[in-house]
Structure formats: C-alpha cells, structure tokens
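Next up, upload25.pdb (PDB, C-alpha atoms):
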```
ATOM      1  CA  MET A   1     121.203 106.536 100.926
ATOM      2  CA  GLU A   2     122.216 107.496 104.409
ATOM      3  CA  ARG A   3     123.490 104.693 106.559
ATOM      4  CA  ALA A   4     123.592 106.392 109.946
ATOM      5  CA  ARG A   5     122.733 109.918 111.040
ATOM      6  CA  SER A   6     124.036 111.927 108.125
ATOM      7  CA  HIS A   7     121.846 113.005 105.244
ATOM      8  CA  GLY A   8     124.238 111.841 102.569
ATOM      9  CA  SER A   9     125.879 115.217 101.907
ATOM     10  CA  SER A  10     129.314 113.594 101.812
ATOM     11  CA  ARG A  11     128.317 111.067  99.163
ATOM     12  CA  ARG A  12     129.131 113.420  96.311
ATOM     13  CA  LYS A  13     132.755 114.174  97.136
ATOM     14  CA  ARG A  14     133.921 112.445  93.981
ATOM     15  CA  LEU A  15     131.815 114.791  91.845
ATOM     16  CA  VAL A  16     133.678 117.762  90.486
ATOM     17  CA  GLY A  17     130.559 119.731  91.337
ATOM     18  CA  GLY A  18     127.464 121.070  89.605
ATOM     19  CA  LEU A  19     127.962 122.183  86.046
ATOM     20  CA  ALA A  20     131.494 120.845  85.980
ATOM     21  CA  ALA A  21     130.205 117.346  86.653
ATOM     22  CA  ALA A  22     127.767 117.695  83.802
ATOM     23  CA  ALA A  23     130.506 118.914  81.510
ATOM     24  CA  VAL A  24     132.680 115.946  82.411
ATOM     25  CA  ALA A  25     129.769 113.608  81.716
ATOM     26  CA  ALA A  26     128.940 115.274  78.391
ATOM     27  CA  ALA A  27     131.543 113.292  76.536
ATOM     28  CA  GLY A  28     130.083 110.078  77.880
ATOM     29  CA  LEU A  29     126.494 110.422  76.703
ATOM     30  CA  VAL A  30     126.858 107.541  74.290
ATOM     31  CA  GLY A  31     124.881 104.570  73.156
ATOM     32  CA  LEU A  32     121.432 106.086  73.728
ATOM     33  CA  GLY A  33     118.736 104.293  71.843
ATOM     34  CA  THR A  34     121.020 101.532  70.620
ATOM     35  CA  ALA A  35     119.683  98.692  72.752
ATOM     36  CA  ASN A  36     116.366  96.903  72.690
ATOM     37  CA  ALA A  37     114.257  98.590  75.357
ATOM     38  CA  SER A  38     111.267  96.267  75.038
ATOM     39  CA  GLN A  39     112.703  93.154  76.661
ATOM     40  CA  GLU A  40     110.922  92.235  79.888
ATOM     41  CA  PRO A  41     113.056  91.068  82.820
ATOM     42  CA  ALA A  42     112.455  87.443  83.687
ATOM     43  CA  GLY A  43     112.263  87.983  87.446
ATOM     44  CA  ALA A  44     109.762  90.831  87.591
ATOM     45  CA  THR A  45     106.529  88.822  87.464
ATOM     46  CA  ALA A  46     105.852  89.140  91.201
ATOM     47  CA  VAL A  47     106.232  92.944  91.153
ATOM     48  CA  PRO A  48     103.251  95.072  90.033
ATOM     49  CA  LYS A  49     103.421  96.770  86.654
ATOM     50  CA  HIS A  50     103.690 100.101  88.461
ATOM     51  CA  ALA A  51     105.482  99.745  91.783
ATOM     52  CA  VAL A  52     106.517 101.878  94.738
ATOM     53  CA  THR A  53     109.830 101.064  96.417
ATOM     54  CA  GLY A  54     110.704 102.179  99.936
ATOM     55  CA  TYR A  55     113.808 101.657 102.061
ATOM     56  CA  TRP A  56     113.240 100.465 105.615
ATOM     57  CA  GLN A  57     115.865 101.600 108.123
ATOM     58  CA  ASN A  58     117.486  98.982 110.327
ATOM     59  CA  PHE A  59     118.680 101.777 112.608
ATOM     60  CA  ASN A  60     117.385 104.851 114.404
ATOM     61  CA  ASN A  61     118.617 108.158 113.014
ATOM     62  CA  GLY A  62     115.818 110.410 114.159
ATOM     63  CA  ALA A  63     113.174 109.214 111.721
ATOM     64  CA  ALA A  64     110.176 107.256 112.947
ATOM     65  CA  VAL A  65     111.236 103.822 114.159
ATOM     66  CA  GLN A  66     109.265 101.122 112.368
ATOM     67  CA  LYS A  67     108.915  97.402 112.346
ATOM     68  CA  LEU A  68     108.250  95.879 108.939
ATOM     69  CA  SER A  69     104.646  95.454 109.990
ATOM     70  CA  ASP A  70     104.438  99.249 110.293
ATOM     71  CA  VAL A  71     105.593  99.898 106.715
ATOM     72  CA  GLN A  72     102.887 101.684 104.779
ATOM     73  CA  ASN A  73     100.749  99.530 102.505
ATOM     74  CA  ALA A  74     101.575 101.599  99.415
ATOM     75  CA  TYR A  75     105.081 100.114  99.237
ATOM     76  CA  ASP A  76     105.289  97.188  96.827
ATOM     77  CA  ILE A  77     109.046  96.624  97.266
ATOM     78  CA  ILE A  78     110.546  97.070 100.717
ATOM     79  CA  ALA A  79     114.343  97.302 100.773
ATOM     80  CA  VAL A  80     115.765  96.413 104.178
ATOM     81  CA  SER A  81     118.738  98.690 104.799
ATOM     82  CA  PHE A  82     121.464  97.528 104.958
ATOM     83  CA  ALA A  83     123.472  94.340 104.607
ATOM     84  CA  ASP A  84     126.927  94.613 106.176
ATOM     85  CA  ALA A  85     130.354  93.770 104.803
ATOM     86  CA  THR A  86     132.217  90.948 106.521
ATOM     87  CA  GLY A  87     135.892  90.061 106.790
ATOM     88  CA  THR A  88     135.543  87.944 103.644
ATOM     89  CA  PRO A  89     135.862  90.030 100.451
ATOM     90  CA  GLY A  90     132.489  90.410  98.743
ATOM     91  CA  ALA A  91     130.535  88.559 101.418
ATOM     92  CA  VAL A  92     127.665  90.232 103.255
ATOM     93  CA  ASP A  93     125.743  89.560 106.438
ATOM     94  CA  PHE A  94     122.718  91.026 108.173
ATOM     95  CA  THR A  95     121.901  91.623 111.817
ATOM     96  CA  LEU A  96     118.932  93.447 113.257
ATOM     97  CA  ASP A  97     119.855  96.577 115.175
ATOM     98  CA  PRO A  98     119.367  95.636 118.847
ATOM     99  CA  GLY A  99     118.240  99.178 119.561
ATOM    100  CA  LEU A 100     115.033  98.549 117.606
ATOM    101  CA  ASN A 101     113.806  95.971 120.154
ATOM    102  CA  TYR A 102     112.779  93.768 117.255
ATOM    103  CA  SER A 103     113.206  90.026 117.599
ATOM    104  CA  GLU A 104     114.495  87.997 114.684
ATOM    105  CA  ALA A 105     111.438  85.752 114.906
ATOM    106  CA  ASP A 106     109.095  88.725 114.622
ATOM    107  CA  PHE A 107     111.149  90.169 111.773
ATOM    108  CA  LYS A 108     110.938  86.941 109.789
ATOM    109  CA  SER A 109     107.240  86.658 110.546
ATOM    110  CA  ASP A 110     106.685  90.219 109.327
ATOM    111  CA  ILE A 111     108.543  89.449 106.092
ATOM    112  CA  LYS A 112     106.167  86.561 105.460
ATOM    113  CA  ALA A 113     103.163  88.733 106.256
ATOM    114  CA  LYS A 114     104.269  91.393 103.795
ATOM    115  CA  GLN A 115     104.820  88.739 101.142
ATOM    116  CA  SER A 116     101.374  87.311 101.817
ATOM    117  CA  ALA A 117     100.039  90.817 101.151
ATOM    118  CA  GLY A 118     101.737  90.803  97.756
ATOM    119  CA  LYS A 119     104.854  92.756  98.692
ATOM    120  CA  SER A 120     108.488  91.961  97.920
ATOM    121  CA  VAL A 121     111.018  92.305 100.743
ATOM    122  CA  ILE A 122     114.617  92.573  99.616
ATOM    123  CA  LEU A 123     117.977  93.253 101.257
ATOM    124  CA  SER A 124     119.865  96.400 100.303
ATOM    125  CA  VAL A 125     123.631  96.277 100.006
ATOM    126  CA  GLY A 126     125.687  99.409 100.466
ATOM    127  CA  GLY A 127     124.367 102.816 101.444
ATOM    128  CA  GLU A 128     126.401 105.976 101.863
ATOM    129  CA  LYS A 129     129.093 104.309 103.948
ATOM    130  CA  GLY A 130     128.732 100.742 102.754
ATOM    131  CA  ALA A 131     132.066  99.047 102.177
ATOM    132  CA  VAL A 132     131.095  95.966 100.178
ATOM    133  CA  ALA A 133     133.607  95.442  97.355
ATOM    134  CA  VAL A 134     133.116  92.925  94.537
ATOM    135  CA  ASN A 135     136.270  93.306  92.473
ATOM    136  CA  ASP A 136     137.261  89.785  91.397
ATOM    137  CA  SER A 137     135.753  86.372  90.721
ATOM    138  CA  ALA A 138     136.280  85.126  94.261
ATOM    139  CA  SER A 139     134.501  88.097  95.832
ATOM    140  CA  ALA A 140     131.696  87.770  93.258
ATOM    141  CA  ASP A 141     131.183  84.173  94.359
ATOM    142  CA  ASN A 142     131.293  85.228  98.010
ATOM    143  CA  PHE A 143     128.671  87.888  97.369
ATOM    144  CA  ALA A 144     126.309  85.504  95.583
ATOM    145  CA  ASN A 145     126.731  82.718  98.115
ATOM    146  CA  SER A 146     126.291  84.950 101.165
ATOM    147  CA  MET A 147     123.261  86.748  99.695
ATOM    148  CA  HIS A 148     121.624  83.463  98.813
ATOM    149  CA  THR A 149     122.228  82.206 102.340
ATOM    150  CA  LEU A 150     120.561  85.341 103.771
ATOM    151  CA  MET A 151     117.634  84.949 101.389
ATOM    152  CA  GLN A 152     117.137  81.410 102.618
ATOM    153  CA  GLU A 153     117.577  82.357 106.272
ATOM    154  CA  TYR A 154     115.263  85.381 106.355
ATOM    155  CA  GLY A 155     113.060  84.818 103.339
ATOM    156  CA  PHE A 156     114.181  87.876 101.362
ATOM    157  CA  ASP A 157     112.916  88.045  97.764
ATOM    158  CA  GLY A 158     116.068  89.546  96.367
ATOM    159  CA  VAL A 159     118.718  92.230  96.578
ATOM    160  CA  ASP A 160     119.113  95.959  96.104
ATOM    161  CA  ILE A 161     122.477  97.297  94.888
ATOM    162  CA  ASP A 162     123.139 100.680  96.497
ATOM    163  CA  LEU A 163     126.925 100.773  96.287
ATOM    164  CA  GLU A 164     127.910 104.429  96.374
ATOM    165  CA  ASN A 165     131.664 104.050  96.643
ATOM    166  CA  GLY A 166     132.464 102.324  93.376
ATOM    167  CA  LEU A 167     131.261  99.286  91.458
ATOM    168  CA  ASN A 168     132.989  96.902  89.066
ATOM    169  CA  SER A 169     130.544  95.973  86.311
ATOM    170  CA  THR A 170     132.368  92.783  85.319
ATOM    171  CA  TYR A 171     132.319  91.181  88.733
ATOM    172  CA  MET A 172     129.021  92.607  89.987
ATOM    173  CA  THR A 173     127.446  91.183  86.846
ATOM    174  CA  GLN A 174     129.038  87.832  87.640
ATOM    175  CA  ALA A 175     127.774  88.008  91.221
ATOM    176  CA  LEU A 176     124.186  88.840  90.273
ATOM    177  CA  LYS A 177     124.024  86.270  87.488
ATOM    178  CA  SER A 178     125.298  83.673  89.938
ATOM    179  CA  LEU A 179     122.729  84.717  92.543
ATOM    180  CA  SER A 180     120.000  84.475  89.920
ATOM    181  CA  SER A 181     121.044  80.923  89.033
ATOM    182  CA  LYS A 182     120.770  79.983  92.698
ATOM    183  CA  ALA A 183     117.555  81.835  93.536
ATOM    184  CA  GLY A 184     115.554  81.258  90.365
ATOM    185  CA  GLY A 185     113.366  83.362  88.118
ATOM    186  CA  ASP A 186     111.405  85.142  90.851
ATOM    187  CA  LEU A 187     114.507  86.936  92.143
ATOM    188  CA  VAL A 188     113.921  90.684  92.551
ATOM    189  CA  ILE A 189     116.953  92.848  91.738
ATOM    190  CA  THR A 190     116.817  96.599  92.197
ATOM    191  CA  MET A 191     119.537  99.221  91.924
ATOM    192  CA  ALA A 192     119.875 102.724  93.382
ATOM    193  CA  PRO A 193     122.704 104.507  91.570
ATOM    194  CA  GLN A 194     123.579 108.159  92.011
ATOM    195  CA  THR A 195     122.856 110.534  89.135
ATOM    196  CA  ILE A 196     126.476 110.634  87.974
ATOM    197  CA  ASP A 197     126.459 106.834  87.696
ATOM    198  CA  MET A 198     123.749 106.868  85.026
ATOM    199  CA  GLN A 199     124.935 109.744  82.826
ATOM    200  CA  SER A 200     126.494 107.385  80.300
ATOM    201  CA  THR A 201     126.135 103.795  79.178
ATOM    202  CA  SER A 202     129.905 103.537  79.634
ATOM    203  CA  ASN A 203     129.640 104.087  83.403
ATOM    204  CA  GLU A 204     130.091 100.975  85.545
ATOM    205  CA  TYR A 205     126.637 101.151  87.155
ATOM    206  CA  PHE A 206     124.891 101.631  83.819
ATOM    207  CA  LYS A 207     126.953  98.831  82.276
ATOM    208  CA  THR A 208     125.949  96.526  85.138
ATOM    209  CA  ALA A 209     122.275  97.338  84.659
ATOM    210  CA  LEU A 210     122.491  96.598  80.944
ATOM    211  CA  ASN A 211     124.512  93.433  81.551
ATOM    212  CA  ILE A 212     121.771  92.012  83.780
ATOM    213  CA  LYS A 213     118.825  93.386  81.844
ATOM    214  CA  ASP A 214     117.337  89.917  81.512
ATOM    215  CA  ILE A 215     117.049  89.582  85.308
ATOM    216  CA  LEU A 216     116.847  93.235  86.451
ATOM    217  CA  THR A 217     113.627  94.437  88.048
ATOM    218  CA  VAL A 218     114.127  98.207  88.364
ATOM    219  CA  VAL A 219     116.750 100.946  88.619
ATOM    220  CA  ASN A 220     115.572 103.645  91.023
ATOM    221  CA  MET A 221     118.190 106.338  90.500
ATOM    222  CA  GLN A 222     118.689 108.768  93.387
ATOM    223  CA  TYR A 223     117.626 112.169  92.052
ATOM    224  CA  TYR A 224     119.070 113.909  95.104
ATOM    225  CA  ASN A 225     122.332 114.920  96.791
ATOM    226  CA  SER A 226     123.364 115.732  93.248
ATOM    227  CA  GLY A 227     124.991 118.521  91.349
ATOM    228  CA  SER A 228     123.545 119.715  88.053
ATOM    229  CA  MET A 229     123.447 116.983  85.428
ATOM    230  CA  LEU A 230     122.889 116.503  81.731
ATOM    231  CA  GLY A 231     119.559 115.386  80.369
ATOM    232  CA  CYS A 232     119.244 113.174  77.315
ATOM    233  CA  ASP A 233     118.940 116.327  75.181
ATOM    234  CA  GLY A 234     122.447 117.434  76.207
ATOM    235  CA  LYS A 235     121.161 120.372  78.267
ATOM    236  CA  VAL A 236     122.106 120.913  81.902
ATOM    237  CA  TYR A 237     119.377 120.581  84.537
ATOM    238  CA  SER A 238     119.428 121.368  88.237
ATOM    239  CA  GLN A 239     117.865 119.089  90.836
ATOM    240  CA  GLY A 240     114.530 119.975  92.347
ATOM    241  CA  SER A 241     112.472 120.345  89.177
ATOM    242  CA  VAL A 242     110.241 118.260  86.931
ATOM    243  CA  ASP A 243     112.820 118.670  84.161
ATOM    244  CA  PHE A 244     115.604 117.189  86.297
ATOM    245  CA  LEU A 245     113.517 114.067  86.869
ATOM    246  CA  THR A 246     112.291 113.609  83.320
ATOM    247  CA  ALA A 247     115.396 114.578  81.338
ATOM    248  CA  LEU A 248     117.654 112.319  83.411
ATOM    249  CA  ALA A 249     115.181 109.430  83.330
ATOM    250  CA  CYS A 250     115.220 109.794  79.550
ATOM    251  CA  ILE A 251     118.920 108.832  79.487
ATOM    252  CA  GLN A 252     118.093 105.460  81.009
ATOM    253  CA  LEU A 253     114.971 104.989  78.912
ATOM    254  CA  GLU A 254     116.821 105.713  75.673
ATOM    255  CA  GLY A 255     120.045 104.059  76.811
ATOM    256  CA  GLY A 256     118.781 100.496  76.754
ATOM    257  CA  LEU A 257     116.695  99.862  79.859
ATOM    258  CA  ALA A 258     113.084  98.828  79.438
ATOM    259  CA  PRO A 259     110.593 101.421  80.778
ATOM    260  CA  SER A 260     109.561  98.824  83.352
ATOM    261  CA  GLN A 261     113.141  98.930  84.647
ATOM    262  CA  VAL A 262     113.172 102.664  85.377
ATOM    263  CA  GLY A 263     111.903 104.374  88.520
ATOM    264  CA  ILE A 264     112.269 107.837  90.065
ATOM    265  CA  GLY A 265     113.942 107.958  93.483
ATOM    266  CA  ILE A 266     113.460 110.944  95.808
ATOM    267  CA  PRO A 267     113.751 111.695  99.537
ATOM    268  CA  ALA A 268     110.564 111.324 101.560
ATOM    269  CA  SER A 269     111.160 114.684 103.230
ATOM    270  CA  SER A 270     113.602 117.558 103.313
ATOM    271  CA  ARG A 271     115.211 115.931 106.357
ATOM    272  CA  ALA A 272     115.831 112.642 104.561
ATOM    273  CA  ALA A 273     118.625 113.938 102.295
ATOM    274  CA  GLY A 274     120.979 116.859 102.048
ATOM    275  CA  SER A 275     119.269 118.220  98.939
ATOM    276  CA  GLY A 276     116.886 117.270  96.177
ATOM    277  CA  TYR A 277     113.591 116.907  98.030
ATOM    278  CA  VAL A 278     110.636 117.804  95.850
ATOM    279  CA  SER A 279     106.958 117.808  96.691
ATOM    280  CA  PRO A 280     104.727 114.917  95.626
ATOM    281  CA  THR A 281     103.139 117.193  93.011
ATOM    282  CA  VAL A 282     106.505 117.501  91.243
ATOM    283  CA  VAL A 283     107.083 113.745  91.332
ATOM    284  CA  ASN A 284     103.589 113.045  90.048
ATOM    285  CA  ALA A 285     104.009 115.600  87.263
ATOM    286  CA  ALA A 286     107.241 113.871  86.189
ATOM    287  CA  LEU A 287     105.533 110.482  86.221
ATOM    288  CA  ASP A 288     102.721 111.868  84.091
ATOM    289  CA  CYS A 289     105.161 113.514  81.704
ATOM    290  CA  LEU A 290     107.050 110.274  81.130
ATOM    291  CA  THR A 291     104.029 107.966  80.926
ATOM    292  CA  LYS A 292     101.388 110.201  79.337
ATOM    293  CA  GLY A 293     103.126 113.296  77.970
ATOM    294  CA  THR A 294     101.295 115.654  80.339
ATOM    295  CA  GLY A 295     102.622 117.755  83.203
ATOM    296  CA  CYS A 296     106.017 118.295  81.565
ATOM    297  CA  GLY A 297     108.216 121.303  82.165
ATOM    298  CA  SER A 298     110.501 122.735  79.487
ATOM    299  CA  PHE A 299     111.802 119.254  78.658
ATOM    300  CA  LYS A 300     109.364 117.106  76.737
ATOM    301  CA  PRO A 301     110.399 113.555  75.851
ATOM    302  CA  SER A 302     110.036 112.603  72.214
ATOM    303  CA  LYS A 303     107.717 109.751  73.178
ATOM    304  CA  THR A 304     105.905 108.412  76.214
ATOM    305  CA  TYR A 305     106.782 105.398  78.337
ATOM    306  CA  PRO A 306     103.512 104.044  79.757
ATOM    307  CA  ASP A 307     105.267 101.001  81.243
ATOM    308  CA  LEU A 308     107.525 103.115  83.500
ATOM    309  CA  ARG A 309     107.890 101.131  86.720
ATOM    310  CA  GLY A 310     107.189 103.882  89.260
ATOM    311  CA  ALA A 311     108.932 105.630  92.134
ATOM    312  CA  MET A 312     111.172 105.035  95.134
ATOM    313  CA  THR A 313     111.836 106.902  98.360
ATOM    314  CA  TRP A 314     114.358 107.066 101.145
ATOM    315  CA  SER A 315     112.815 106.023 103.447
ATOM    316  CA  THR A 316     109.588 104.496 104.750
ATOM    317  CA  ASN A 317     110.683 105.813 108.155
ATOM    318  CA  TRP A 318     111.141 109.387 106.940
ATOM    319  CA  ASP A 319     107.843 109.061 105.096
ATOM    320  CA  ALA A 320     106.136 108.192 108.380
ATOM    321  CA  THR A 321     107.860 111.137 110.055
ATOM    322  CA  ASN A 322     106.533 113.386 107.283
ATOM    323  CA  GLY A 323     102.914 112.348 107.686
ATOM    324  CA  ASN A 324     103.056 109.633 105.014
ATOM    325  CA  GLU A 325     103.142 112.297 102.326
ATOM    326  CA  PHE A 326     105.063 110.185  99.817
ATOM    327  CA  SER A 327     103.170 106.922 100.233
ATOM    328  CA  GLY A 328      99.840 108.726 100.395
ATOM    329  CA  GLN A 329     100.255 110.976  97.361
ATOM    330  CA  VAL A 330     102.968 109.498  95.154
ATOM    331  CA  GLY A 331     102.019 105.931  96.074
ATOM    332  CA  SER A 332      98.417 106.319  94.988
ATOM    333  CA  HIS A 333      99.504 108.147  91.830
ATOM    334  CA  VAL A 334     101.930 105.400  90.823
ATOM    335  CA  HIS A 335      99.263 102.774  91.289
ATOM    336  CA  GLY A 336      96.889 104.812  89.121
ATOM    337  CA  LEU A 337      99.267 105.056  86.157
ATOM    338  CA  PRO A 338      98.068 103.529  82.869
TER     339      PRO A 338
END
```
Transcribe the structure of this file into structure tokens.
Amino acid sequence: MERARSHGSSRRKRLVGGLAAAAVAAAGLVGLGTANASQEPAGATAVPKHAVTGYWQNFNNGAAVQKLSDVQNAYDIIAVSFADATGTPGAVDFTLDPGLNYSEADFKSDIKAKQSAGKSVILSVGGEKGAVAVNDSASADNFANSMHTLMQEYGFDGVDIDLENGLNSTYMTQALKSLSSKAGGDLVITMAPQTIDMQSTSNEYFKTALNIKDILTVVNMQYYNSGSMLGCDGKVYSQGSVDFLTALACIQLEGGLAPSQVGIGIPASSRAAGSGYVSPTVVNAALDCLTKGTGCGSFKPSKTYPDLRGAMTWSTNWDATNGNEFSGQVGSHVHGLP
C-alpha cells in the first residue's frame, strides 16, 4: 500500500513484468492442496466470520482526512497505517501525524470506541516504502517486544504485515509467534502480500502464512499494482477481472490456508492505486464465485469456500473520497455471505 503520495506504481520493480512474471512463477506452483485447510486460527474469535478490512491513513495524501471515529461502520478490522522503523533492527514505533490535528488522547479513545462497537484496530507494519527488516533472531525479538509495547500503549488488537520490500519467513515467524505468546489468544494478525508473493507455497510470504496458520487471522492479498499472474489452474490472468480475483485466491485456498484466512484486497478507487481497481460488482461477483459458485467468469473453482473471510481495501480514506462505494456495496455484500 502507498505510504505517502504515490499510488504504489514503483512497488513492482522487482517483477520481471506481466507474463514474464507469471512464467517465472510457474515453476513454483507447488504444494497446492497438501495442507489441512480446515484448521481454525486460535486468535480469530473476535473477528466476524465474514469481515471487511480497511486501512486508515495516518497521513494526508489527497484522500479524505479521517479520524478513527470517522471510519465507516462496515469495517470490521481497521489497520492503522503505518508503524515506523526505528534505529534498532526489527523494532517499530508509531507516532500520529501532527498534520492530522489529532491528539493522542482522542486517538486512544477512538480505538476503544471502535472496539466497543465490535471492531478490531490493528497496527500495520510496512507499506510501499516501509523499511522494517526482521532478518535474525535479535531483530525478531525487537519486533515482538516493540509491537507488544505499542499494543499496550495504544490498545491495538494486533498487527498487519505489509512488508513489500522482502520478508524472511524464518525470523518473521519467530517474531509473530513471540508476539502471540505475549499478547495471548485474541491477537489479530493480518497480512497484505503482493500477488507475486503468493504464487507459490515456497515464497517467503506464503511460507510465513503457513508457519503461523494456528494464529493467523486473514491474508488479504493485494490484487492490484500487479502484472499478469498464474491462477491455480496454471493459466495466466490479467488484473481487473473476476477471474484474476478468483483464480489467484484459489492458490491460497488450495495451498494450505483455511478459507477463513483468505480475503480479497482491492483499491477503494482508481486514485488509490496505480492499477487494478475494479468496481464493487466485480468484487462481489468474485466473492459469490468463491463462496457459492455463482457469478464466476471463465475460471470456475472445483469447489466452493463458504467460510471465505471477506474483503479488504486501501483505504478507508480513499473509500470516503469515492462516496463510500466500497464500504457501502462490498461491505454489505461481505456481511451477507453465507
């Protein structure tokens, strides 16, 4: 997700581009269907069966400026964006943007109010330009300790992993397991990998998700700012269609994640990302295809996944700028899933 004023177009520099990226990933489509996809994560009890995740911007980049109290009611998980790297490897901190004219006391009060309304408020780590690196045991400990401190200080329910510049599965797993031991079973953990990160179970992001399956709430992959990618049927799909959403979700669903741990992430408007925006009707059709077998395009999954968690958007601010299109249409559809 964008961290400042850009729309994330630079995030894909490490892709070899479009069909070439899909070809590179083809050799890595391994392990699908080999893991138990029925295991429920221990920390997901506070999150609705079908949930809507939205990122709240702790900065002004031209989207509507919001306080947490302004975040639309449809959002069940609100990811505060973003935690910042510190001078200590792996450690993170958080400071409200002074330009928002939002006091820390009001921010903490608004977190409590959202939680009282049944919402989860978590802290997102990373973003397009995030520089948090967890590459050894010491930095894993620093990450867990600093995140737990922020959870205690602000009242956050958990963490979102949106590291778009590389991730080490060994040490991120260590960090998140350590955080879970400190925070307890109600910890909410979400992830927002790019499409290339979830093409194969051998990729570091996918490996991390599978490593923490017992404590993972949901993976909301970013189906945007992407080249063409492979679906679970081995065919190449281009972003912007129902097939792109369903065939790529199928990789995660058949690769070992529980349906309740899979969500569809899209931009809230065409201004929110460099590419990949689709209308709510396309998102809702993909949700129906995956959960009920209706509304599919040319790709039809071999089975349905009625426990699919839901959808995510970048961001609640861009949603507000776009007339609350996402929360109004996709939000209500997610909450109406079987």
Q | Selection result of the PyMOL selection byres ((chain A and resi 91) around 6) on this file, as number ranges by chain | A | A: 86, 88-90, 92, 142-143, 146
Q: Would you write out, as a PyMOL selection string, every residue that the PyMOL selection byres ((chain A and resi 58-63) around 8) captures in this file?
A: chain A and resi 4-5+56-57+64-65+80-82+96-97+99-100+317-318+320-321
Go ahead and write the selection's residues with C-alpha atoms as an mmCIF file, keeping the file's coordinate frame.
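Resulting contents of part_38.cif:
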```
data_model
loop_
_atom_site.group_PDB
_atom_site.id
_atom_site.type_symbol
_atom_site.label_atom_id
_atom_site.label_comp_id
_atom_site.auth_asym_id
_atom_site.auth_seq_id
_atom_site.Cartn_x
_atom_site.Cartn_y
_atom_site.Cartn_z
ATOM 1 C CA ALA A 4 123.592 106.392 109.946
ATOM 2 C CA ARG A 5 122.733 109.918 111.040
ATOM 3 C CA TRP A 56 113.240 100.465 105.615
ATOM 4 C CA GLN A 57 115.865 101.600 108.123
ATOM 5 C CA ALA A 64 110.176 107.256 112.947
ATOM 6 C CA VAL A 65 111.236 103.822 114.159
ATOM 7 C CA VAL A 80 115.765 96.413 104.178
ATOM 8 C CA SER A 81 118.738 98.690 104.799
ATOM 9 C CA PHE A 82 121.464 97.528 104.958
ATOM 10 C CA LEU A 96 118.932 93.447 113.257
ATOM 11 C CA ASP A 97 119.855 96.577 115.175
ATOM 12 C CA GLY A 99 118.240 99.178 119.561
ATOM 13 C CA LEU A 100 115.033 98.549 117.606
ATOM 14 C CA ASN A 317 110.683 105.813 108.155
ATOM 15 C CA TRP A 318 111.141 109.387 106.940
ATOM 16 C CA ALA A 320 106.136 108.192 108.380
ATOM 17 C CA THR A 321 107.860 111.137 110.055
#
```
**Q.** Using all atoms listed in the file: which of A:Met229, A:Ala138, A:Met191, A:Ala117 has the shortest distance to Phe244 (chain A)
**A.** A:Met229
**Q.** Which residue of A:Leu245, A:Val71, A:Val188, A:Ser109 approaches Leu123 (chain A) most closely, using all atoms listed in the file
**A.** A:Val188
Q) Taking the file as shown, what set of residues would the PyMOL selection byres ((chain A and resi 324-331) around 9) give back, as a PyMOL selection string? A) chain A and resi 51-52+54+72-75+267-269+279-281+283-284+310-311+313+316+318-323+332-336
(Q) What's the separation between CA of Tyr277 (chain A) and CA of Gly127 (chain A), in Å to one decimal place? (A)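 Computing it gives 18.1 Å between the two atoms.
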Q. Any idea what the distance is between CA of Leu210 (chain A) and CA of Ala247 (chain A)?
A.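 Interatomic distance, CA of Leu210 (chain A) to CA of Ala247 (chain A): 19.3 Å.
Contact shell of Ala285 (chain A) at 9 Å (all atoms listed in the file; same-chain neighbours under 5 positions omitted): Val242, Pro280, Leu290, Thr294, Gly295, Cys296 and Gly297 of chain A.
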Q.
Between CA of Ala258 (chain A) and CA of Ser241 (chain A), what distance in Å does the model show, to one decimal?
A. 23.6 Å
Each residue of region 200-278 of chain A lying at most 8 Å from region 171-178 of chain A should get a row with its shortest atom-to-atom pair and the distance in Å to one decimal, counting all atoms listed in the file; could you produce that, ordered by chain and increasing number, as JSON lines?
```
{"residue": "A:Thr208", "atom": "CA", "partner": "A:Thr173", "partner_atom": "CA", "distance": 5.8}
{"residue": "A:Asn211", "atom": "CA", "partner": "A:Thr173", "partner_atom": "CA", "distance": 6.5}
{"residue": "A:Ile212", "atom": "CA", "partner": "A:Thr173", "partner_atom": "CA", "distance": 6.5}
```
Taking all atoms of region 278-294 of chain A that the file lists and extending 6 Å past them on each side, where is the centre of the axis-aligned box and how long are its edges? Answer in Å to one decimal, as lines of an AutoDock Vina configuration file.
```
center_x = 106.0
center_y = 112.9
center_z = 87.3
size_x = 21.3
size_y = 21.8
size_z = 30.7
```
Q.
Ranking A:Ser139, A:Ser226, A:Ser315, A:Asn145 by minimum distance to Gly240 (chain A) and counting only C-alpha atoms, which one comes first?
A.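 Using only C-alpha atoms, the shortest distance to Gly240 (chain A) belongs to A:Ser226.
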Q.
Under the rule that all atoms listed in the file are counted, which of A:Val134, A:Ile189, A:Ala113, A:Lys182 is the nearest residue to Gln152 (chain A)?
A. A:Lys182
List as an mmCIF file with C-alpha atoms, keeping the file's coordinate frame the protein and nucleic acid residues near Asp197 (chain A), meaning an atom at most 10 Å away when only C-alpha atoms are counted, but skip any in the same chain fewer than 5 places from it.
```cif
data_model
loop_
_atom_site.group_PDB
_atom_site.id
_atom_site.type_symbol
_atom_site.label_atom_id
_atom_site.label_comp_id
_atom_site.auth_asym_id
_atom_site.auth_seq_id
_atom_site.Cartn_x
_atom_site.Cartn_y
_atom_site.Cartn_z
ATOM 1 C CA ALA A 25 129.769 113.608 81.716
ATOM 2 C CA GLU A 164 127.910 104.429 96.374
ATOM 3 C CA GLY A 166 132.464 102.324 93.376
ATOM 4 C CA LEU A 167 131.261 99.286 91.458
ATOM 5 C CA ALA A 192 119.875 102.724 93.382
ATOM 6 C CA SER A 202 129.905 103.537 79.634
ATOM 7 C CA ASN A 203 129.640 104.087 83.403
ATOM 8 C CA GLU A 204 130.091 100.975 85.545
ATOM 9 C CA TYR A 205 126.637 101.151 87.155
ATOM 10 C CA PHE A 206 124.891 101.631 83.819
ATOM 11 C CA LYS A 207 126.953 98.831 82.276
ATOM 12 C CA MET A 221 118.190 106.338 90.500
ATOM 13 C CA GLN A 222 118.689 108.768 93.387
#
```
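Shortest separation to Lys49 (chain A) among A:Gln239, A:Ser228, A:Asp76, A:Ser298 occurs at residue A:Asp76, atoms counted being only C-alpha atoms.
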